[in-house]
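Q: To start, I am sharing the structure in question, which I have written as structure tokens.
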Amino acid sequence: MRIIFHECKKALSSPILIALLIVFSAFNLFIIISSSDHKEELKMTNEIIAQYGMDITDTSLNQFEKDIQLDLVKLMDITGQQFSSIYDFLDGLRFEDQEKYSEEQWEFFHQLQLKEMYLNMANSIDDSYEEIDIRKFAEIEIERYGLSGKAAEIFLNENKQFSERFEEMVNNGEHKQWFFAGKAYFMHTFLFKTVFLHIIIESLLLIALTTAMITTFEFENKTHLVAFTTKRGRELMKNKLLASLAMAASIAVFLFSLTLGTFFTVFDYTHVWQTSISSAFNWEYNFPYVAWWDLTVGTFLIGVIVLVFISLLLFSGLTFACSVAVKNSYITFFLVTALFVLVWLLPSFIPKSSILLFVSAYTLPTILLAVTSSFMGSSGLILFQNFEWMTISCWMMITIAVCYMSYKRFSKIDIS
């Protein structure tokens with residue numbers, strides 16, 4: 001344990017690592033804070049759930065509509081005119097008349113506008129979901145990606161299973177739960193694409209750097225002939241692997257804790273943790289987010305964090321194996337980065353009619369860079385229900401095998 005601690009100190013004493021960690025942390029905080037202009041509007045979702053419950057039912061919608069009618073009566077008292085909607089008032093409001101109303105009244109107008117937006121979205125859920133045809137959507141995707149032959153057949157078969165899951169979700173009413181308005185705020189994309197993607201890329205860079213630094217320290221400082229001839233000898237590499245994994249875990253925990261801690265301090269998720277991630281309100285683009293399982297927002301978040309955390313540890317292990325072979329931290333860093341990009345781009349080199357197109361996507365780069373669509377059936381070419389656990393399982397075996405072979409090779413070669 002003492003040796004592992006000292007190996008970690010080698011990385012922690014690096015000015016480059018400390019500087020990058022500070023810069024990345026500051027950048028993440030800047031992104032979150034600079035995008036917080038609508039944080040007050042998001043509180044409306046929490047207020048709706050607190051007052052009407054998490055599930056969208058006929059009873060709760062009727063009560064919601066009655067309360068809005070009472071607000072419209074108050075609007076008439078303020079303006080002296082009767083309106084059927086806040087939008088009618090705002091559309092007909094002249095610029096020179098805006099100063100007639102106080103700041104408190106404008107806040108009331110804004111809150112009523114948000115309530116009507118959520119009510120209108122809730123009332124349109126059934127019609128919107130009735131228009132969804134999974135098979136037609138699959139055919140559009142096949143044309144979009146240029147799939148043919150066996151690949152197109154596999155894609156259609158998987159979409160058939162997804163269609164069954166979609167019908168199950170609609171019948172269970174999983175999608176009829178309140179969440180932040182997707183097309184208005186894009187909170188799912190902001191959290192799991194923008195914020196998470198920054199954390200992932202920053203972690204990958206720092207982990208590649210620290211792992212290479214720890215593993216090649218003796219070779220770069222010309223002390224390898226002394227260090228690897230001691231009593232512990234070449235078994236020191238085992239401690240370096242454990243130190244690399246410990247540093248990878250520490251970096252990931254630090255970035256996740258600081259960034260997500262700030263995110264959930266700025267954006268209030270108090271009442272939406274138990275909302276289904278497949279909520280109709282979590283519909284940002286052409287197709288709603290639909291998970292293969294009935295996952296809450298909180299469960300989905302934990303699942304993604306665990307998925308990313310394991311993937312980062314595996315990446316550290318692969319970087320270790322590369323470092324043992326190369327024995328130079330800079331070359332290792334650039335080599336691992338290049339391999340990561342090449343593996344990510346691998347599917348683009350595969351014929352669009354081959355089953356290998358899907359197999360080549362079962363990689364760590366894909367699972368990390370497509371984290372927004374984790375556990376989703378609505379995720380393009382990686383919609384497969386087994387994608388996450390199969391990818392992690394396969395790459396865990398690959399990482400263990402590569403680390404074992406690199407250590408065995410190192411224990412026998414001449415290091416002079």
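As shown in the structure tokens, the chain order sets the letters A, B, ...; within each chain, residues go from 1, and ligands are also counted from 1 in the order they appear.
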At a cut-off of 9 Å, can you tabulate as JSON lines every residue of stretch 264-314 of chain A near stretch 160-172 of chain A together with its closest atom pair and the distance in Å to one decimal, using only C-alpha atoms and ordering rows by chain then number?
A:
```
{"residue": "A:Ser278", "atom": "CA", "partner": "A:Met169", "partner_atom": "CA", "distance": 8.3}
{"residue": "A:Val290", "atom": "CA", "partner": "A:Phe166", "partner_atom": "CA", "distance": 7.3}
{"residue": "A:Ala291", "atom": "CA", "partner": "A:Arg165", "partner_atom": "CA", "distance": 8.6}
{"residue": "A:Trp292", "atom": "CA", "partner": "A:Arg165", "partner_atom": "CA", "distance": 6.6}
{"residue": "A:Trp293", "atom": "CA", "partner": "A:Arg165", "partner_atom": "CA", "distance": 8.2}
{"residue": "A:Asp294", "atom": "CA", "partner": "A:Met169", "partner_atom": "CA", "distance": 7.8}
```
Q: Give the alpha helix (DSSP H) residues of stretch 170-264 of chain A, as assigned by DSSP on the backbone, as a ChimeraX atom specification.
A: /A:170-172,182-185,187-189,196-220,224-227,236-264
Q: Leaving out A:Phe264 and any residue of its chain fewer than 5 positions from it, which residues lie within 12 Å of it when counting only C-alpha atoms, given as an NGL selection string?
A: :A and (29 or 32-33 or 36 or 39 or 42 or 187 or 191 or 195 or 256-259 or 269-270 or 272-273 or 298 or 301)
Q: Which of these, A:Ile331, A:Met121, A:Tyr404, A:Tyr52, has the shortest distance to A:Leu318 once you count only C-alpha atoms?
A: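 The closest residue to A:Leu318 is A:Tyr404.
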Q: Which residues are near A:Lys240? Cut-off 7 Å, only C-alpha atoms, ignore same chain within fewer than 2 positions. Put them as a PyMOL selection string.
A: chain A and resi 4+7+214-215+236-238+242-244
Q: Measure the distance from atom CA of A:Phe64 to atom CA of A:Phe108 in Å and round it to one decimal.
A: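 Computed distance, atom CA of A:Phe64 to atom CA of A:Phe108, equals 16.2 Å.
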Q: Within 10 Å of A:Gly317, counting only C-alpha atoms, which residues show up once you throw out same-chain ones fewer than 2 positions away? Write them as an mmCIF file with N, CA, C and O atoms, in the first residue's frame, please.
A:
```cif
data_model
loop_
_atom_site.group_PDB
_atom_site.id
_atom_site.type_symbol
_atom_site.label_atom_id
_atom_site.label_comp_id
_atom_site.auth_asym_id
_atom_site.auth_seq_id
_atom_site.Cartn_x
_atom_site.Cartn_y
_atom_site.Cartn_z
ATOM 1 N N ILE A 207 -6.353 10.788 -17.325
ATOM 2 C CA ILE A 207 -6.042 9.385 -17.006
ATOM 3 C C ILE A 207 -4.924 8.863 -17.902
ATOM 4 O O ILE A 207 -4.008 8.164 -17.444
ATOM 5 N N ALA A 208 -4.979 9.189 -19.190
ATOM 6 C CA ALA A 208 -3.907 8.769 -20.105
ATOM 7 C C ALA A 208 -2.578 9.367 -19.667
ATOM 8 O O ALA A 208 -1.540 8.689 -19.675
ATOM 9 N N THR A 211 -1.519 7.762 -16.031
ATOM 10 C CA THR A 211 -1.160 6.348 -16.153
ATOM 11 C C THR A 211 0.184 6.195 -16.862
ATOM 12 O O THR A 211 1.053 5.419 -16.424
ATOM 13 N N LEU A 241 0.213 -0.548 -11.776
ATOM 14 C CA LEU A 241 -1.133 -0.738 -12.330
ATOM 15 C C LEU A 241 -2.185 -0.343 -11.304
ATOM 16 O O LEU A 241 -3.146 0.379 -11.627
ATOM 17 N N LEU A 242 -2.014 -0.791 -10.064
ATOM 18 C CA LEU A 242 -2.970 -0.445 -9.010
ATOM 19 C C LEU A 242 -2.964 1.058 -8.737
ATOM 20 O O LEU A 242 -4.017 1.660 -8.504
ATOM 21 N N SER A 244 -2.215 3.363 -10.928
ATOM 22 C CA SER A 244 -2.854 3.981 -12.087
ATOM 23 C C SER A 244 -4.368 3.924 -11.970
ATOM 24 O O SER A 244 -5.071 4.900 -12.248
ATOM 25 N N LEU A 245 -4.885 2.775 -11.553
ATOM 26 C CA LEU A 245 -6.326 2.618 -11.370
ATOM 27 C C LEU A 245 -6.835 3.518 -10.240
ATOM 28 O O LEU A 245 -7.927 4.101 -10.339
ATOM 29 N N ALA A 248 -6.917 6.994 -11.592
ATOM 30 C CA ALA A 248 -8.032 7.127 -12.538
ATOM 31 C C ALA A 248 -9.351 7.290 -11.783
ATOM 32 O O ALA A 248 -10.182 8.145 -12.138
ATOM 33 N N SER A 311 -15.790 2.268 -17.490
ATOM 34 C CA SER A 311 -15.126 2.465 -18.786
ATOM 35 C C SER A 311 -13.812 3.221 -18.625
ATOM 36 O O SER A 311 -12.807 2.903 -19.288
ATOM 37 N N LEU A 312 -13.788 4.209 -17.739
ATOM 38 C CA LEU A 312 -12.566 4.973 -17.511
ATOM 39 C C LEU A 312 -11.485 4.121 -16.856
ATOM 40 O O LEU A 312 -10.294 4.256 -17.178
ATOM 41 N N LEU A 313 -11.880 3.234 -15.956
ATOM 42 C CA LEU A 313 -10.909 2.324 -15.336
ATOM 43 C C LEU A 313 -10.331 1.364 -16.371
ATOM 44 O O LEU A 313 -9.128 1.059 -16.360
ATOM 45 N N LEU A 314 -11.179 0.888 -17.269
ATOM 46 C CA LEU A 314 -10.702 0.001 -18.334
ATOM 47 C C LEU A 314 -9.745 0.751 -19.259
ATOM 48 O O LEU A 314 -8.735 0.192 -19.711
ATOM 49 N N PHE A 315 -10.057 2.002 -19.537
ATOM 50 C CA PHE A 315 -9.171 2.818 -20.369
ATOM 51 C C PHE A 315 -7.812 2.993 -19.698
ATOM 52 O O PHE A 315 -6.772 2.963 -20.360
ATOM 53 N N THR A 319 -4.214 1.816 -21.191
ATOM 54 C CA THR A 319 -3.105 2.777 -21.277
ATOM 55 C C THR A 319 -1.878 2.229 -20.564
ATOM 56 O O THR A 319 -0.741 2.408 -21.041
ATOM 57 N N PHE A 320 -2.096 1.557 -19.451
ATOM 58 C CA PHE A 320 -0.999 0.922 -18.720
ATOM 59 C C PHE A 320 -0.291 -0.097 -19.606
ATOM 60 O O PHE A 320 0.950 -0.113 -19.682
ATOM 61 N N ALA A 321 -1.047 -0.944 -20.269
ATOM 62 C CA ALA A 321 -0.460 -1.974 -21.132
ATOM 63 C C ALA A 321 0.363 -1.342 -22.253
ATOM 64 O O ALA A 321 1.447 -1.825 -22.595
ATOM 65 N N CYS A 322 -0.155 -0.258 -22.807
ATOM 66 C CA CYS A 322 0.561 0.450 -23.868
ATOM 67 C C CYS A 322 1.837 1.094 -23.322
ATOM 68 O O CYS A 322 2.885 1.068 -23.980
ATOM 69 N N SER A 323 1.776 1.651 -22.125
ATOM 70 C CA SER A 323 2.927 2.312 -21.513
ATOM 71 C C SER A 323 4.056 1.323 -21.234
ATOM 72 O O SER A 323 5.235 1.654 -21.410
ATOM 73 N N MET A 396 -13.742 -5.609 -20.632
ATOM 74 C CA MET A 396 -13.113 -5.978 -19.355
ATOM 75 C C MET A 396 -12.208 -7.188 -19.560
ATOM 76 O O MET A 396 -11.067 -7.222 -19.063
ATOM 77 N N ILE A 398 -10.883 -8.081 -22.456
ATOM 78 C CA ILE A 398 -9.776 -7.639 -23.314
ATOM 79 C C ILE A 398 -8.719 -6.913 -22.493
ATOM 80 O O ILE A 398 -7.513 -7.151 -22.643
ATOM 81 N N THR A 399 -9.154 -6.028 -21.604
ATOM 82 C CA THR A 399 -8.221 -5.251 -20.782
ATOM 83 C C THR A 399 -7.412 -6.149 -19.859
ATOM 84 O O THR A 399 -6.186 -5.986 -19.721
ATOM 85 N N ILE A 400 -8.082 -7.086 -19.205
ATOM 86 C CA ILE A 400 -7.384 -8.020 -18.307
ATOM 87 C C ILE A 400 -6.353 -8.829 -19.093
ATOM 88 O O ILE A 400 -5.206 -9.006 -18.650
ATOM 89 N N VAL A 402 -4.879 -8.087 -22.011
ATOM 90 C CA VAL A 402 -3.797 -7.236 -22.517
ATOM 91 C C VAL A 402 -2.835 -6.849 -21.387
ATOM 92 O O VAL A 402 -1.612 -6.876 -21.572
ATOM 93 N N CYS A 403 -3.366 -6.513 -20.231
ATOM 94 C CA CYS A 403 -2.514 -6.162 -19.084
ATOM 95 C C CYS A 403 -1.683 -7.361 -18.637
ATOM 96 O O CYS A 403 -0.491 -7.225 -18.312
#
```
Q: To one decimal place in Å, what is the distance between atom CA of A:Thr372 and atom CA of A:Lys193?
A: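 The value is 5.5 Å.
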Q: Would you please work out which residue, of A:Ala181, A:Ile413, A:Ala370, A:Leu255, is nearest to A:Ala26 when using only C-alpha atoms?
A: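 The closest residue to A:Ala26 is A:Leu255.
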Q: Which residue is closest to A:Leu17? Choose from A:Asn386, A:Ser354, A:Ser406, A:Thr210 and count only C-alpha atoms.
A: A:Thr210
